[in-house]
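K.L.:
Have a peek at protein-v2.cif (mmCIF, C-alpha atoms).
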```cif
data_coords
loop_
_atom_site.group_PDB
_atom_site.id
_atom_site.type_symbol
_atom_site.label_atom_id
_atom_site.label_comp_id
_atom_site.auth_asym_id
_atom_site.auth_seq_id
_atom_site.Cartn_x
_atom_site.Cartn_y
_atom_site.Cartn_z
ATOM 1 C CA MET A 1 166.765 136.743 72.716
ATOM 2 C CA ARG A 2 163.141 135.971 71.960
ATOM 3 C CA LEU A 3 161.043 138.966 70.943
ATOM 4 C CA GLN A 4 157.281 139.102 71.368
ATOM 5 C CA LYS A 5 155.452 138.277 68.146
ATOM 6 C CA SER A 6 154.031 141.796 68.032
ATOM 7 C CA THR A 7 157.555 143.264 68.211
ATOM 8 C CA GLU A 8 158.748 141.056 65.389
ATOM 9 C CA PHE A 9 155.756 141.966 63.228
ATOM 10 C CA ALA A 10 156.222 145.663 64.001
ATOM 11 C CA LEU A 11 159.892 145.520 63.009
ATOM 12 C CA TYR A 12 159.025 143.765 59.739
ATOM 13 C CA ALA A 13 156.361 146.348 58.933
ATOM 14 C CA VAL A 14 158.354 149.435 59.877
ATOM 15 C CA LEU A 15 161.495 148.273 58.066
ATOM 16 C CA GLU A 16 159.546 147.206 54.981
ATOM 17 C CA LEU A 17 157.830 150.597 54.796
ATOM 18 C CA ALA A 18 160.985 152.558 55.682
ATOM 19 C CA ALA A 19 162.880 150.850 52.837
ATOM 20 C CA GLU A 20 160.709 152.833 50.419
ATOM 21 C CA PRO A 21 159.082 155.710 52.275
ATOM 22 C CA GLU A 22 157.078 156.843 49.235
ATOM 23 C CA ARG A 23 155.464 153.431 48.836
ATOM 24 C CA GLN A 24 152.158 152.488 50.441
ATOM 25 C CA MET A 25 151.515 148.935 51.507
ATOM 26 C CA SER A 26 148.424 147.322 52.974
ATOM 27 C CA THR A 27 148.458 145.107 56.034
ATOM 28 C CA ALA A 28 147.596 142.169 53.761
ATOM 29 C CA ASP A 29 150.589 142.898 51.486
ATOM 30 C CA ILE A 30 153.002 142.940 54.413
ATOM 31 C CA ALA A 31 151.417 139.868 56.020
ATOM 32 C CA VAL A 32 151.762 137.868 52.791
ATOM 33 C CA ARG A 33 155.341 139.024 52.256
ATOM 34 C CA TYR A 34 156.428 137.818 55.708
ATOM 35 C CA GLY A 35 154.005 134.896 56.052
ATOM 36 C CA ILE A 36 152.438 136.272 59.229
ATOM 37 C CA SER A 37 148.895 136.717 60.554
ATOM 38 C CA ALA A 38 147.163 139.709 58.933
ATOM 39 C CA HIS A 39 144.772 139.910 61.877
ATOM 40 C CA HIS A 40 147.597 140.203 64.412
ATOM 41 C CA LEU A 41 149.526 142.581 62.157
ATOM 42 C CA ALA A 42 146.493 144.884 61.862
ATOM 43 C CA LYS A 43 146.575 145.458 65.630
ATOM 44 C CA VAL A 44 150.305 146.114 65.474
ATOM 45 C CA MET A 45 149.833 148.622 62.648
ATOM 46 C CA ARG A 46 147.297 150.591 64.678
ATOM 47 C CA ARG A 47 149.796 150.848 67.525
ATOM 48 C CA LEU A 48 152.515 152.036 65.128
ATOM 49 C CA VAL A 49 150.172 154.713 63.753
ATOM 50 C CA ARG A 50 149.443 155.939 67.291
ATOM 51 C CA ALA A 51 153.193 156.103 67.950
ATOM 52 C CA GLY A 52 153.654 158.280 64.843
ATOM 53 C CA LEU A 53 155.986 155.881 63.045
ATOM 54 C CA ILE A 54 153.626 155.132 60.170
ATOM 55 C CA GLN A 55 150.520 156.791 58.806
ATOM 56 C CA SER A 56 147.480 155.299 57.189
ATOM 57 C CA VAL A 57 146.631 156.469 53.700
ATOM 58 C CA ARG A 58 142.979 156.252 52.691
ATOM 59 C CA GLY A 59 141.463 155.741 49.257
ATOM 60 C CA VAL A 60 142.273 153.567 46.277
ATOM 61 C CA GLY A 61 145.723 152.083 46.638
ATOM 62 C CA GLY A 62 145.689 153.167 50.255
ATOM 63 C CA GLY A 63 147.514 151.419 53.024
ATOM 64 C CA TYR A 64 150.339 152.508 55.252
ATOM 65 C CA ARG A 65 153.384 154.648 54.718
ATOM 66 C CA PHE A 66 156.464 155.249 56.877
ATOM 67 C CA CYS A 67 156.530 158.756 58.290
ATOM 68 C CA GLY A 68 159.470 158.776 60.708
ATOM 69 C CA ASN A 69 163.114 159.706 60.162
ATOM 70 C CA VAL A 70 164.876 156.613 58.862
ATOM 71 C CA ARG A 71 168.232 157.929 60.136
ATOM 72 C CA ARG A 72 166.934 158.638 63.625
ATOM 73 C CA VAL A 73 164.398 155.916 64.447
ATOM 74 C CA THR A 74 166.103 152.920 66.055
ATOM 75 C CA LEU A 75 165.048 149.307 66.469
ATOM 76 C CA TRP A 76 164.548 150.124 70.143
ATOM 77 C CA ASP A 77 161.999 152.856 69.315
ATOM 78 C CA VAL A 78 159.861 150.131 67.738
ATOM 79 C CA MET A 79 160.641 147.440 70.278
ATOM 80 C CA GLU A 80 159.795 149.456 73.374
ATOM 81 C CA LEU A 81 156.227 149.958 72.117
ATOM 82 C CA PHE A 82 155.551 146.243 72.391
ATOM 83 C CA GLU A 83 157.850 145.080 75.204
ATOM 84 C CA PRO A 84 156.597 146.954 78.261
ATOM 85 C CA ASP A 85 158.109 144.388 80.632
ATOM 86 C CA PHE A 86 161.557 144.536 79.090
ATOM 87 C CA GLN A 87 162.853 147.214 81.466
ATOM 88 C CA GLY A 88 163.779 144.519 83.968
ATOM 89 C CA ALA A 89 160.658 145.006 86.070
ATOM 90 C CA ASP A 90 159.946 142.245 88.566
ATOM 91 C CA ASP A 91 157.773 139.403 87.363
ATOM 92 C CA ASP A 92 154.328 138.995 88.843
ATOM 93 C CA GLU A 93 155.493 135.707 90.306
ATOM 94 C CA ALA A 94 158.513 137.295 91.969
ATOM 95 C CA VAL A 95 159.673 135.279 94.932
ATOM 96 C CA ILE A 96 161.121 136.557 98.167
ATOM 97 C CA GLY A 97 164.489 138.140 97.413
ATOM 98 C CA THR A 98 167.256 135.719 98.275
ATOM 99 C CA PRO A 99 170.951 136.041 97.459
ATOM 100 C CA ILE A 100 170.473 133.542 94.622
ATOM 101 C CA SER A 101 167.405 135.245 93.163
ATOM 102 C CA ARG A 102 169.148 138.609 93.370
ATOM 103 C CA ALA A 103 172.243 137.188 91.631
ATOM 104 C CA LEU A 104 170.025 135.823 88.862
ATOM 105 C CA ASP A 105 168.292 139.204 88.602
ATOM 106 C CA ASN A 106 171.715 140.772 88.087
ATOM 107 C CA VAL A 107 172.460 138.391 85.215
ATOM 108 C CA ARG A 108 169.111 139.195 83.635
ATOM 109 C CA ALA A 109 169.719 142.930 84.028
ATOM 110 C CA GLU A 110 173.139 142.517 82.387
ATOM 111 C CA ILE A 111 171.569 140.794 79.375
ATOM 112 C CA ASP A 112 168.771 143.378 79.200
ATOM 113 C CA ASP A 113 171.299 146.239 79.268
ATOM 114 C CA LEU A 114 173.214 144.713 76.369
ATOM 115 C CA THR A 115 170.032 144.126 74.402
ATOM 116 C CA ARG A 116 168.819 147.663 74.992
ATOM 117 C CA ALA A 117 172.161 149.220 74.011
ATOM 118 C CA THR A 118 172.267 147.088 70.866
ATOM 119 C CA MET A 119 168.723 147.924 69.783
ATOM 120 C CA GLN A 120 169.224 151.620 70.571
ATOM 121 C CA SER A 121 172.373 151.761 68.449
ATOM 122 C CA ILE A 122 170.844 150.420 65.238
ATOM 123 C CA THR A 123 168.853 152.917 63.200
ATOM 124 C CA LEU A 124 166.454 151.709 60.531
ATOM 125 C CA ASN A 125 168.839 153.203 57.976
ATOM 126 C CA SER A 126 171.806 151.218 59.343
ATOM 127 C CA LEU A 127 169.885 147.962 59.240
ATOM 128 C CA LEU A 128 168.544 148.572 55.742
ATOM 129 C CA LYS A 129 171.987 149.581 54.512
ATOM 130 C CA PHE A 130 173.418 146.177 55.370
ATOM 131 C CA ALA A 131 170.342 144.053 54.664
ATOM 132 C CA PRO A 132 170.388 141.819 51.579
ATOM 133 C CA LYS A 133 169.763 143.867 48.469
ATOM 134 C CA GLU A 134 166.383 142.414 47.394
ATOM 135 C CA ALA A 135 163.960 144.697 49.240
ATOM 136 C CA VAL A 136 166.108 147.753 49.642
ATOM 137 C CA THR A 137 167.484 148.634 46.248
ATOM 138 C CA GLU A 138 165.347 151.727 45.890
ATOM 139 C CA GLN A 139 166.140 152.869 49.439
ATOM 140 C CA LEU A 140 169.841 152.646 48.732
ATOM 141 C CA SER A 141 169.495 154.531 45.451
ATOM 142 C CA ARG A 142 167.587 157.259 47.232
ATOM 143 C CA LEU A 143 170.176 157.535 50.023
ATOM 144 C CA GLN A 144 173.006 157.623 47.489
ATOM 145 C CA ALA A 145 171.211 160.371 45.568
ATOM 146 C CA GLU A 146 171.016 162.326 48.816
ATOM 147 C CA GLY A 147 174.727 161.773 49.381
ATOM 148 C CA VAL A 148 174.261 159.775 52.582
ATOM 149 C CA MET B 1 180.221 172.043 55.003
ATOM 150 C CA SER B 2 178.733 169.697 52.402
ATOM 151 C CA GLY B 3 180.275 170.136 48.973
ATOM 152 C CA THR B 4 183.651 171.182 50.414
ATOM 153 C CA ALA B 5 186.527 168.780 49.792
ATOM 154 C CA THR B 6 187.866 167.058 52.879
ATOM 155 C CA ILE B 7 191.404 165.789 53.125
ATOM 156 C CA PHE B 8 192.534 163.079 55.501
ATOM 157 C CA ARG B 9 196.114 163.467 56.638
ATOM 158 C CA ASP B 10 198.479 162.398 59.414
ATOM 159 C CA ALA B 11 198.264 164.553 62.505
ATOM 160 C CA VAL B 12 201.036 167.040 63.255
ATOM 161 C CA SER B 13 202.005 168.556 66.597
ATOM 162 C CA GLY B 14 200.157 171.798 65.760
ATOM 163 C CA ASP B 15 196.837 169.888 65.805
ATOM 164 C CA LEU B 16 197.083 169.114 69.528
ATOM 165 C CA GLU B 17 195.082 172.043 70.919
ATOM 166 C CA THR B 18 192.203 171.500 68.471
ATOM 167 C CA VAL B 19 192.090 167.788 69.281
ATOM 168 C CA ILE B 20 191.940 168.580 73.017
ATOM 169 C CA ARG B 21 189.089 171.023 72.379
ATOM 170 C CA LEU B 22 187.093 168.653 70.140
ATOM 171 C CA ASP B 23 187.422 165.882 72.710
ATOM 172 C CA GLU B 24 186.298 168.221 75.479
ATOM 173 C CA ILE B 25 183.238 169.262 73.470
ATOM 174 C CA HIS B 26 182.220 165.611 73.062
ATOM 175 C CA THR B 27 183.078 164.254 76.505
ATOM 176 C CA GLY B 28 182.654 167.371 78.628
ATOM 177 C CA LEU B 29 186.071 166.769 80.168
ATOM 178 C CA ALA B 30 189.364 168.376 79.135
ATOM 179 C CA LYS B 31 192.213 165.844 79.139
ATOM 180 C CA PRO B 32 195.275 167.796 77.951
ATOM 181 C CA ASP B 33 197.823 165.486 79.597
ATOM 182 C CA TYR B 34 196.259 162.409 78.042
ATOM 183 C CA TRP B 35 196.268 163.929 74.541
ATOM 184 C CA ARG B 36 199.830 165.195 74.944
ATOM 185 C CA GLU B 37 200.900 161.626 75.710
ATOM 186 C CA MET B 38 198.869 160.334 72.751
ATOM 187 C CA PHE B 39 200.536 162.854 70.446
ATOM 188 C CA GLN B 40 203.941 161.829 71.743
ATOM 189 C CA ALA B 41 203.226 158.134 71.133
ATOM 190 C CA TYR B 42 201.234 158.398 67.890
ATOM 191 C CA VAL B 43 202.464 161.581 66.213
ATOM 192 C CA ALA B 44 205.978 162.441 67.407
ATOM 193 C CA GLU B 45 207.310 158.856 67.489
ATOM 194 C CA GLU B 46 207.038 156.452 64.590
ATOM 195 C CA HIS B 47 205.630 153.021 65.358
ATOM 196 C CA PHE B 48 204.436 150.406 62.911
ATOM 197 C CA GLY B 49 200.663 150.293 62.738
ATOM 198 C CA ARG B 50 199.920 153.449 64.766
ATOM 199 C CA TYR B 51 197.782 156.121 63.134
ATOM 200 C CA PHE B 52 196.525 159.500 64.260
ATOM 201 C CA LEU B 53 194.610 161.012 61.347
ATOM 202 C CA ILE B 54 193.017 164.391 60.905
ATOM 203 C CA ALA B 55 190.113 165.395 58.646
ATOM 204 C CA GLU B 56 190.556 168.893 57.327
ATOM 205 C CA THR B 57 187.915 170.932 55.528
ATOM 206 C CA SER B 58 188.523 174.498 54.339
ATOM 207 C CA ASN B 59 191.774 174.582 56.337
ATOM 208 C CA GLN B 60 189.841 173.782 59.531
ATOM 209 C CA ILE B 61 190.162 170.579 61.534
ATOM 210 C CA ALA B 62 186.829 168.821 61.155
ATOM 211 C CA GLY B 63 187.654 165.661 63.093
ATOM 212 C CA PHE B 64 190.215 163.058 64.049
ATOM 213 C CA ILE B 65 190.634 159.331 64.510
ATOM 214 C CA VAL B 66 193.211 157.292 66.415
ATOM 215 C CA GLY B 67 193.944 153.662 65.657
ATOM 216 C CA GLU B 68 196.592 151.019 66.099
ATOM 217 C CA ILE B 69 197.319 147.482 65.021
ATOM 218 C CA ARG B 70 197.617 145.206 68.029
ATOM 219 C CA THR B 71 198.898 141.669 67.766
ATOM 220 C CA TRP B 72 197.877 138.775 70.014
ATOM 221 C CA GLU B 73 196.301 141.087 72.528
ATOM 222 C CA PHE B 74 193.517 139.164 74.311
ATOM 223 C CA GLY B 75 194.655 136.213 72.181
ATOM 224 C CA SER B 76 193.563 137.932 68.983
ATOM 225 C CA PRO B 77 195.461 137.680 65.699
ATOM 226 C CA PRO B 78 196.648 141.051 64.321
ATOM 227 C CA CYS B 79 193.736 143.447 64.258
ATOM 228 C CA GLY B 80 193.203 147.187 63.861
ATOM 229 C CA TRP B 81 191.805 148.959 66.916
ATOM 230 C CA VAL B 82 190.091 152.335 66.784
ATOM 231 C CA PHE B 83 190.557 154.104 70.122
ATOM 232 C CA ALA B 84 188.928 157.432 69.395
ATOM 233 C CA VAL B 85 186.948 159.111 66.677
ATOM 234 C CA ASN B 86 185.579 162.610 66.894
ATOM 235 C CA VAL B 87 183.897 165.000 64.464
ATOM 236 C CA SER B 88 183.329 168.678 65.178
ATOM 237 C CA PRO B 89 179.614 169.309 65.847
ATOM 238 C CA ASP B 90 179.575 171.853 62.974
ATOM 239 C CA CYS B 91 180.730 169.207 60.523
ATOM 240 C CA ARG B 92 178.552 166.241 61.488
ATOM 241 C CA GLU B 93 176.327 164.362 59.025
ATOM 242 C CA GLY B 94 178.638 165.275 56.178
ATOM 243 C CA GLY B 95 180.495 161.984 55.874
ATOM 244 C CA ILE B 96 183.573 163.132 57.852
ATOM 245 C CA GLY B 97 183.367 160.290 60.364
ATOM 246 C CA SER B 98 182.895 157.713 57.607
ATOM 247 C CA GLY B 99 185.850 159.216 55.753
ATOM 248 C CA LEU B 100 188.062 159.037 58.836
ATOM 249 C CA LEU B 101 187.126 155.424 59.495
ATOM 250 C CA ASP B 102 187.691 154.527 55.828
ATOM 251 C CA ALA B 103 191.082 156.257 55.942
ATOM 252 C CA VAL B 104 192.323 154.404 59.026
ATOM 253 C CA CYS B 105 190.895 151.103 57.743
ATOM 254 C CA SER B 106 192.775 151.651 54.510
ATOM 255 C CA ARG B 107 196.025 152.055 56.495
ATOM 256 C CA PHE B 108 195.225 148.892 58.458
ATOM 257 C CA ARG B 109 194.515 147.015 55.227
ATOM 258 C CA ASP B 110 197.820 148.163 53.758
ATOM 259 C CA CYS B 111 199.514 146.563 56.777
ATOM 260 C CA GLY B 112 197.832 143.242 56.009
ATOM 261 C CA VAL B 113 195.127 143.456 58.655
ATOM 262 C CA SER B 114 191.622 142.300 57.771
ATOM 263 C CA THR B 115 189.623 143.166 60.902
ATOM 264 C CA VAL B 116 188.916 146.440 62.659
ATOM 265 C CA ARG B 117 187.624 146.584 66.219
ATOM 266 C CA THR B 118 186.638 149.213 68.742
ATOM 267 C CA MET B 119 185.084 149.534 72.206
ATOM 268 C CA VAL B 120 182.305 152.010 72.966
ATOM 269 C CA SER B 121 180.439 152.835 76.144
ATOM 270 C CA ARG B 122 176.875 151.493 76.125
ATOM 271 C CA ASN B 123 175.776 155.004 77.030
ATOM 272 C CA ASP B 124 177.572 156.654 74.127
ATOM 273 C CA GLY B 125 174.686 156.479 71.679
ATOM 274 C CA LEU B 126 176.326 158.827 69.181
ATOM 275 C CA ASN B 127 179.430 156.711 68.660
ATOM 276 C CA LEU B 128 177.576 153.394 68.957
ATOM 277 C CA SER B 129 175.182 154.443 66.198
ATOM 278 C CA PHE B 130 178.074 155.738 64.121
ATOM 279 C CA PHE B 131 180.004 152.463 64.230
ATOM 280 C CA ARG B 132 176.806 150.511 63.565
ATOM 281 C CA SER B 133 176.111 152.685 60.537
ATOM 282 C CA GLN B 134 179.536 151.664 59.238
ATOM 283 C CA GLY B 135 178.583 147.995 59.379
ATOM 284 C CA MET B 136 180.338 147.145 62.635
ATOM 285 C CA THR B 137 178.615 144.532 64.799
ATOM 286 C CA ALA B 138 179.302 142.779 68.119
ATOM 287 C CA GLY B 139 182.555 140.848 67.887
ATOM 288 C CA PRO B 140 183.703 137.580 69.446
ATOM 289 C CA TYR B 141 185.054 139.177 72.653
ATOM 290 C CA MET B 142 183.220 140.444 75.726
ATOM 291 C CA GLU B 143 184.498 143.208 77.958
ATOM 292 C CA LEU B 144 184.274 142.226 81.656
ATOM 293 C CA GLU B 145 185.098 144.252 84.733
ATOM 294 C CA LYS B 146 184.599 144.486 88.487
ATOM 295 C CA SER B 147 184.838 147.180 91.087
ATOM 296 C CA LEU B 148 188.034 147.244 93.159
ATOM 297 C CA GLU B 149 186.462 149.330 95.894
ATOM 298 C CA ARG B 150 186.592 147.687 99.315
ATOM 299 C CA GLY B 151 183.435 146.814 101.199
#
```
As structure tokens, what does this structure read like?
P.N.:
Amino acid sequence: MRLQKSTEFALYAVLELAAEPERQMSTADIAVRYGISAHHLAKVMRRLVRAGLIQSVRGVGGGYRFCGNVRRVTLWDVMELFEPDFQGADDDEAVIGTPISRALDNVRAEIDDLTRATMQSITLNSLLKFAPKEAVTEQLSRLQAEGV
Amino acid sequence: MSGTATIFRDAVSGDLETVIRLDEIHTGLAKPDYWREMFQAYVAEEHFGRYFLIAETSNQIAGFIVGEIRTWEFGSPPCGWVFAVNVSPDCREGGIGSGLLDAVCSRFRDCGVSTVRTMVSRNDGLNLSFFRSQGMTAGPYMELEKSLERG
């Protein structure tokens, strides 16, 4: 499955921030870490703020901080903000419905259903728990301290 | 319930009514006949690789899990299957589900099995998220079906 660039950037940003909820990171920091466009990421960050997943922190050392519930927010919660057409809506170039086009639509719907169920089942916490240690050591220590 | 020791033990016939009730709470459907048959096959009779485990906290049943080792089913080498897992709503988010899964996986491991598998409805977000949080991912098999209704 190919995600929109904005979705990918949003997932990087949200997961990076959720790994250490106390930490603030600037758009530039995240962009450098993942080798992505800071300009594009800035737009994504504004959307994430509006959705209430992250908050911007002003002042020296300001940036962004995760403000959701790492055990409740799923990959789908992030994805659906940037993939408005994913719900299986007809394309603009939809042709007249024929048995073949309808059969292909069914296959696409099947794949979309699987994708949605998969993304809805993975919380940020679950993904971070099984991600390589490098970026998530502190997150794991915190969760262990909380007895999760 | 956090801070209270939980024990994981084999089910006994006296657990049946609580299991039926816990399942009904989760699924909204009472299935006494089904669970009676499950107790007969998994609790009353002894079969290699079949496990019906209970989590007990403060002398109360906090949850249960049912699993079995199946061999060459769907062409798969021996593998542990988890058919049902259920934690009482009062006891959730306290590690009971993880403990139950660890307990049945430990039994599977003792039987020489190195893979555990389950099947969950796409609409069952609670259980899907639970198994994901335990590190389970999509496996190499796909479930397929078709309607047998006429017309």
K.L.:
To verify the selection step, state as an NGL selection string which residues the PyMOL selection byres ((chain B) within 9 of (chain A)) yields on this input.
P.N.:
:B and (93-95 or 122-123 or 125-135 or 138)
K.L.:
I'd like the neighbourhood of region 47-55 of chain A as a short mmCIF file (atom, residue, chain, number, x, y, z; two decimals) with C-alpha atoms, in the frame of the given file, where a residue qualifies if any of its atoms comes within 6 Å (using only C-alpha atoms), though same-chain residues fewer than 3 positions away should be ignored.
P.N.:
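Just written: selection09.cif:
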```cif
data_model
loop_
_atom_site.label_atom_id
_atom_site.label_comp_id
_atom_site.auth_asym_id
_atom_site.auth_seq_id
_atom_site.Cartn_x
_atom_site.Cartn_y
_atom_site.Cartn_z
CA VAL A 44 150.30 146.11 65.47
CA TYR A 64 150.34 152.51 55.25
CA ARG A 65 153.38 154.65 54.72
CA PHE A 66 156.46 155.25 56.88
CA CYS A 67 156.53 158.76 58.29
CA GLY A 68 159.47 158.78 60.71
#
```
K.L.:
Just checking: using all atoms listed in the file, which residue out of B:Arg36, B:Lys146, B:Arg21, B:His26 ends up closest to Val85 (chain B)?
P.N.:
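The answer is B:His26, which sits nearest to Val85 (chain B).
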K.L.:
So how far away is CA of Glu46 (chain B) from CA of Val87 (chain B), in Å?
P.N.:
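CA of Val87 (chain B) sits 24.7 Å away from CA of Glu46 (chain B).
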K.L.:
Expand the PyMOL selection byres ((chain A and resi 17-24) around 8) into the explicit residue set it covers here, and present it as a list in words.
P.N.:
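Output from the PyMOL selection byres ((chain A and resi 17-24) around 8), applied to this file: Ala13, Val14, Leu15, Glu16, Met25, Ser26, Val57, Gly61, Gly62, Gly63, Tyr64, Arg65, Phe66, Cys67, Val70, Leu124, Leu128, Ala135, Val136, Glu138 and Gln139 of chain A.
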K.L.:
Could you tell me how far CA of Gly14 (chain B) lies from CA of Tyr34 (chain B), in Å and to one decimal?
P.N.:
15.9 Å
K.L.:
Set the distance at 10 Å and use all atoms listed in the file: which residues neighbour Gly112 (chain B) once local chain neighbours fewer than 3 positions away are removed? I'd like the list as number ranges by chain.
P.N.:
B: 69, 78-80, 106-109, 115
K.L.:
Keeping only C-alpha atoms, write the selected residues as a PDB file, keeping the file's coordinate frame.
P.N.:
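Contents of selection_34.pdb, as written:
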```
ATOM      1  CA  ILE B  69     197.319 147.482  65.021  1.00  0.00           C
ATOM      2  CA  PRO B  78     196.648 141.051  64.321  1.00  0.00           C
ATOM      3  CA  CYS B  79     193.736 143.447  64.258  1.00  0.00           C
ATOM      4  CA  GLY B  80     193.203 147.187  63.861  1.00  0.00           C
ATOM      5  CA  SER B 106     192.775 151.651  54.510  1.00  0.00           C
ATOM      6  CA  ARG B 107     196.025 152.055  56.495  1.00  0.00           C
ATOM      7  CA  PHE B 108     195.225 148.892  58.458  1.00  0.00           C
ATOM      8  CA  ARG B 109     194.515 147.015  55.227  1.00  0.00           C
ATOM      9  CA  THR B 115     189.623 143.166  60.902  1.00  0.00           C
TER      10      THR B 115
END
```
K.L.:
Within 8 Å of (193.7, 166.5, 53.1), all atoms listed in the file: residues as a tab-separated table (two decimals) with C-alpha atoms, in the coordinates of the input?
P.N.:
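Wrote result.tsv, looks like this:
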```tsv
chain	number	residue	atom	x	y	z
B	6	THR	CA	187.87	167.06	52.88
B	7	ILE	CA	191.40	165.79	53.12
B	8	PHE	CA	192.53	163.08	55.50
B	9	ARG	CA	196.11	163.47	56.64
B	55	ALA	CA	190.11	165.40	58.65
B	56	GLU	CA	190.56	168.89	57.33
B	57	THR	CA	187.92	170.93	55.53
```
K.L.:
Run the PyMOL selection byres ((chain B and resi 62) around 10) on the file and write out the hits as a list of chain:residue names.
P.N.:
B:Met1, B:Thr6, B:Ile7, B:Phe8, B:Thr18, B:Val19, B:Leu22, B:Ile54, B:Ala55, B:Glu56, B:Thr57, B:Ser58, B:Asn59, B:Gln60, B:Ile61, B:Gly63, B:Phe64, B:Asn86, B:Val87, B:Ser88, B:Pro89, B:Asp90, B:Cys91, B:Arg92, B:Ile96, B:Gly97
K.L.:
Distance CA of Asp110 (chain B)-CA of Met136 (chain B), one decimal place?
P.N.:
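Straight-line distance from CA of Asp110 (chain B) to CA of Met136 (chain B) works out to 19.6 Å.
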K.L.:
Using only C-alpha atoms, which protein or nucleic acid residues come within 7 Å of Thr118 (chain B)? Drop anything in the same chain fewer than 2 positions from it, and give the result as a compact mmCIF listing (two decimals) with C-alpha atoms, in the frame of the given file.
P.N.:
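File produced: result-v4.txt:
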```txt
# COMPACT_ATOMS: atom_id res chain seq x y z
CA TRP B 81 191.80 148.96 66.92
CA VAL B 82 190.09 152.34 66.78
CA PHE B 83 190.56 154.10 70.12
CA VAL B 120 182.30 152.01 72.97
```
K.L.:
How big is the axis-aligned box around the listed atoms of region 41-55 of chain B once 5 Å is added on each side, and where is its centre? Give both in Å to one decimal, as lines of an AutoDock Vina configuration file.
P.N.:
```
center_x = 198.7
center_y = 157.8
center_z = 64.9
size_x = 27.2
size_y = 25.1
size_z = 22.5
```
